[in-house]
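Peer 1: Let me begin by handing over the structure; questions about it come next.
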Amino acid sequence: MDPVTVTLSGPEDAERIGVARVSPNFFSLLGIRAIEGRLLTEDDATHRRRLALISHAFWQERFGGSLEAIGASLVLDGAASQIVGVLPPDAISSTPKP
């Protein structure tokens, strides 16, 4: 796990947010499952796909808990990342600090 701060660009403005870059087996190793969508796979890593898992709080705040979040794109540091899953509320006990 590599906690970093990135710029999330939106239609109106940009903001700095904390994220964590993780290996494909990170969440499965901890026994965490996506509550919507899926987790990352080895194939995703092999093909260097720009994918994102979002926290339950982010899902609620930004997407109102809508399933339309799955497949949506986030622009992180100028590059689009596709959301593939939503993590359970207790999956992230703290967020990376800027």
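Each chain of the structure tokens is named A, B, ... in the order shown, its residues numbered from 1; ligands are numbered from 1 in display order.
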Using only C-alpha atoms, which protein or nucleic acid residues come within 10 Å of Ala57 of chain A? Drop anything in the same chain fewer than 2 positions from it, and give the result as a VMD selection string.
Peer 2: chain A and resid 54 to 55 59 to 65 86 to 90 92
Peer 1: Would you pick out the contacts of Pro11 of chain A at 12 Å or less, using only C-alpha atoms, so that residues sharing its chain but fewer than 4 positions from it are not included, and give the list as a PyMOL selection string?
Peer 2: chain A and resi 15+73-75
Peer 1: If you keep N, CA and C atoms, can you produce a file of those selected residues as a PDB file, in the first residue's frame?
Peer 2:
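Below you can see result18.pdb, which holds the result:
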ATOM      1  N   GLU A  15      -9.616  19.390  -6.435  1.00  0.00           N
ATOM      2  CA  GLU A  15      -9.273  19.338  -5.013  1.00  0.00           C
ATOM      3  C   GLU A  15      -8.248  18.243  -4.776  1.00  0.00           C
ATOM      4  N   SER A  73     -15.997   7.576 -14.318  1.00  0.00           N
ATOM      5  CA  SER A  73     -14.577   7.923 -14.308  1.00  0.00           C
ATOM      6  C   SER A  73     -14.282   9.019 -13.297  1.00  0.00           C
ATOM      7  N   LEU A  74     -13.115   8.905 -12.686  1.00  0.00           N
ATOM      8  CA  LEU A  74     -12.553   9.949 -11.842  1.00  0.00           C
ATOM      9  C   LEU A  74     -11.289  10.433 -12.531  1.00  0.00           C
ATOM     10  N   VAL A  75     -11.087  11.734 -12.588  1.00  0.00           N
ATOM     11  CA  VAL A  75      -9.858  12.263 -13.172  1.00  0.00           C
ATOM     12  C   VAL A  75      -8.902  12.555 -12.022  1.00  0.00           C
TER      13      VAL A  75
END
Peer 1: Where in chain A does DSSP assign strand (DSSP E or B), given as a ChimeraX atom specification?
Peer 2: /A:2-9,14-21,36-37,51-54,73-76,79-86
Peer 1: Let me see the file: selected residues, N, CA, C and O atoms, as a CSV table (one decimal), in the first residue's frame.
Peer 2:
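Writing the result to again_36.csv gives the following:
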chain,number,residue,atom,x,y,z
A,2,ASP,N,0.6,2.2,-0.9
A,2,ASP,CA,1.3,3.4,-1.0
A,2,ASP,C,0.3,4.6,-0.9
A,2,ASP,O,-0.3,4.9,-1.9
A,3,PRO,N,0.2,5.2,0.3
A,3,PRO,CA,-0.7,6.3,0.4
A,3,PRO,C,-0.1,7.6,-0.2
A,3,PRO,O,1.1,7.9,0.0
A,4,VAL,N,-0.9,8.2,-1.0
A,4,VAL,CA,-0.4,9.4,-1.7
A,4,VAL,C,-1.6,10.5,-1.8
A,4,VAL,O,-2.7,10.1,-1.5
A,5,THR,N,-1.2,11.7,-2.1
A,5,THR,CA,-2.2,12.7,-2.4
A,5,THR,C,-2.3,13.0,-3.9
A,5,THR,O,-1.2,13.1,-4.5
A,6,VAL,N,-3.5,13.1,-4.4
A,6,VAL,CA,-3.6,13.4,-5.8
A,6,VAL,C,-4.6,14.5,-6.0
A,6,VAL,O,-5.4,14.9,-5.1
A,7,THR,N,-4.7,15.0,-7.2
A,7,THR,CA,-5.7,16.1,-7.5
A,7,THR,C,-6.8,15.4,-8.2
A,7,THR,O,-6.7,14.8,-9.3
A,8,LEU,N,-8.0,15.6,-7.7
A,8,LEU,CA,-9.3,15.1,-8.2
A,8,LEU,C,-9.9,16.2,-9.0
A,8,LEU,O,-10.2,17.3,-8.4
A,9,SER,N,-10.0,16.1,-10.3
A,9,SER,CA,-10.6,17.2,-11.1
A,9,SER,C,-12.0,16.9,-11.4
A,9,SER,O,-12.4,15.8,-11.7
A,14,ALA,N,-11.1,21.6,-8.8
A,14,ALA,CA,-10.2,20.5,-8.5
A,14,ALA,C,-9.9,20.6,-7.0
A,14,ALA,O,-10.0,21.6,-6.4
A,15,GLU,N,-9.6,19.4,-6.4
A,15,GLU,CA,-9.3,19.3,-5.0
A,15,GLU,C,-8.2,18.2,-4.8
A,15,GLU,O,-8.1,17.3,-5.5
A,16,ARG,N,-7.5,18.4,-3.7
A,16,ARG,CA,-6.5,17.4,-3.3
A,16,ARG,C,-7.2,16.4,-2.4
A,16,ARG,O,-7.9,16.8,-1.5
A,17,ILE,N,-7.0,15.1,-2.7
A,17,ILE,CA,-7.6,14.1,-1.9
A,17,ILE,C,-6.5,13.0,-1.6
A,17,ILE,O,-5.6,12.8,-2.4
A,18,GLY,N,-6.7,12.3,-0.5
A,18,GLY,CA,-5.8,11.2,-0.2
A,18,GLY,C,-6.3,9.9,-0.8
A,18,GLY,O,-7.5,9.6,-0.8
A,19,VAL,N,-5.4,9.1,-1.4
A,19,VAL,CA,-5.7,7.8,-2.0
A,19,VAL,C,-4.6,6.9,-1.6
A,19,VAL,O,-3.6,7.3,-1.0
A,20,ALA,N,-4.9,5.6,-1.9
A,20,ALA,CA,-3.8,4.6,-1.6
A,20,ALA,C,-3.7,3.7,-2.9
A,20,ALA,O,-4.7,3.3,-3.4
A,21,ARG,N,-2.5,3.6,-3.3
A,21,ARG,CA,-2.3,2.7,-4.4
A,21,ARG,C,-2.0,1.3,-3.8
A,21,ARG,O,-1.1,1.2,-2.9
A,36,GLU,N,-20.3,-3.3,-3.8
A,36,GLU,CA,-20.8,-3.1,-5.1
A,36,GLU,C,-19.7,-3.2,-6.1
A,36,GLU,O,-18.5,-2.8,-5.8
A,37,GLY,N,-19.9,-3.7,-7.3
A,37,GLY,CA,-18.8,-3.9,-8.3
A,37,GLY,C,-17.9,-5.0,-7.9
A,37,GLY,O,-18.3,-6.0,-7.3
A,51,LEU,N,-7.7,1.9,-12.7
A,51,LEU,CA,-9.0,1.6,-12.1
A,51,LEU,C,-9.0,2.2,-10.7
A,51,LEU,O,-8.0,2.4,-10.1
A,52,ALA,N,-10.2,2.4,-10.1
A,52,ALA,CA,-10.4,2.9,-8.8
A,52,ALA,C,-11.4,2.1,-8.0
A,52,ALA,O,-12.5,1.7,-8.6
A,53,LEU,N,-11.1,1.9,-6.7
A,53,LEU,CA,-12.1,1.5,-5.8
A,53,LEU,C,-12.4,2.7,-4.9
A,53,LEU,O,-11.5,3.4,-4.5
A,54,ILE,N,-13.7,2.9,-4.6
A,54,ILE,CA,-14.0,4.1,-3.8
A,54,ILE,C,-14.5,3.7,-2.4
A,54,ILE,O,-15.1,2.6,-2.3
A,73,SER,N,-16.0,7.6,-14.3
A,73,SER,CA,-14.6,7.9,-14.3
A,73,SER,C,-14.3,9.0,-13.3
A,73,SER,O,-15.1,9.9,-13.1
A,74,LEU,N,-13.1,8.9,-12.7
A,74,LEU,CA,-12.6,9.9,-11.8
A,74,LEU,C,-11.3,10.4,-12.5
A,74,LEU,O,-10.5,9.6,-13.0
A,75,VAL,N,-11.1,11.7,-12.6
A,75,VAL,CA,-9.9,12.3,-13.2
A,75,VAL,C,-8.9,12.6,-12.0
A,75,VAL,O,-9.1,13.5,-11.2
A,76,LEU,N,-7.9,11.7,-11.9
A,76,LEU,CA,-6.9,11.8,-10.9
A,76,LEU,C,-5.5,12.2,-11.5
A,76,LEU,O,-5.0,11.5,-12.3
A,79,ALA,N,-5.5,12.1,-15.3
A,79,ALA,CA,-5.7,10.9,-16.0
A,79,ALA,C,-7.0,10.2,-15.5
A,79,ALA,O,-7.2,10.2,-14.3
A,80,ALA,N,-7.8,9.7,-16.4
A,80,ALA,CA,-9.1,9.1,-16.0
A,80,ALA,C,-8.8,7.7,-15.4
A,80,ALA,O,-8.1,6.9,-16.0
A,81,SER,N,-9.5,7.4,-14.3
A,81,SER,CA,-9.5,6.1,-13.7
A,81,SER,C,-11.0,5.7,-13.6
A,81,SER,O,-11.8,6.4,-13.1
A,82,GLN,N,-11.3,4.5,-14.1
A,82,GLN,CA,-12.7,4.0,-14.0
A,82,GLN,C,-12.9,3.3,-12.7
A,82,GLN,O,-12.1,2.5,-12.1
A,83,ILE,N,-14.1,3.7,-12.1
A,83,ILE,CA,-14.5,3.1,-10.8
A,83,ILE,C,-15.0,1.7,-11.1
A,83,ILE,O,-15.9,1.5,-11.9
A,84,VAL,N,-14.4,0.7,-10.4
A,84,VAL,CA,-14.9,-0.7,-10.5
A,84,VAL,C,-15.6,-1.3,-9.3
A,84,VAL,O,-16.2,-2.3,-9.4
A,85,GLY,N,-15.4,-0.6,-8.2
A,85,GLY,CA,-16.0,-1.1,-7.0
A,85,GLY,C,-16.1,-0.1,-5.8
A,85,GLY,O,-15.5,0.9,-5.8
A,86,VAL,N,-17.0,-0.5,-4.9
A,86,VAL,CA,-17.2,0.3,-3.7
A,86,VAL,C,-16.9,-0.5,-2.5
A,86,VAL,O,-17.3,-1.7,-2.4
Peer 1: Can you list every residue in chain A that DSSP puts in alpha helix (DSSP H), as number ranges by chain?
Peer 2: A: 26-29, 42-46, 56-63
Peer 1: Take atom CA of Glu42 of chain A and atom CA of Phe26 of chain A and report the distance between them in Å, one decimal.
Peer 2: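 So the answer is 11.0 Å.
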Peer 1: Rounded to one decimal, what separation in Å do you get between atom CA of Arg50 of chain A and atom CA of Ala72 of chain A?
Peer 2: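 Straight-line distance from atom CA of Arg50 of chain A to atom CA of Ala72 of chain A works out to 12.1 Å.
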Peer 1: For Val22 of chain A, which residue out of A:Ala34, A:Leu40, A:Arg49, A:Gly71 is the nearest one, using only C-alpha atoms?
Peer 2: A:Leu40
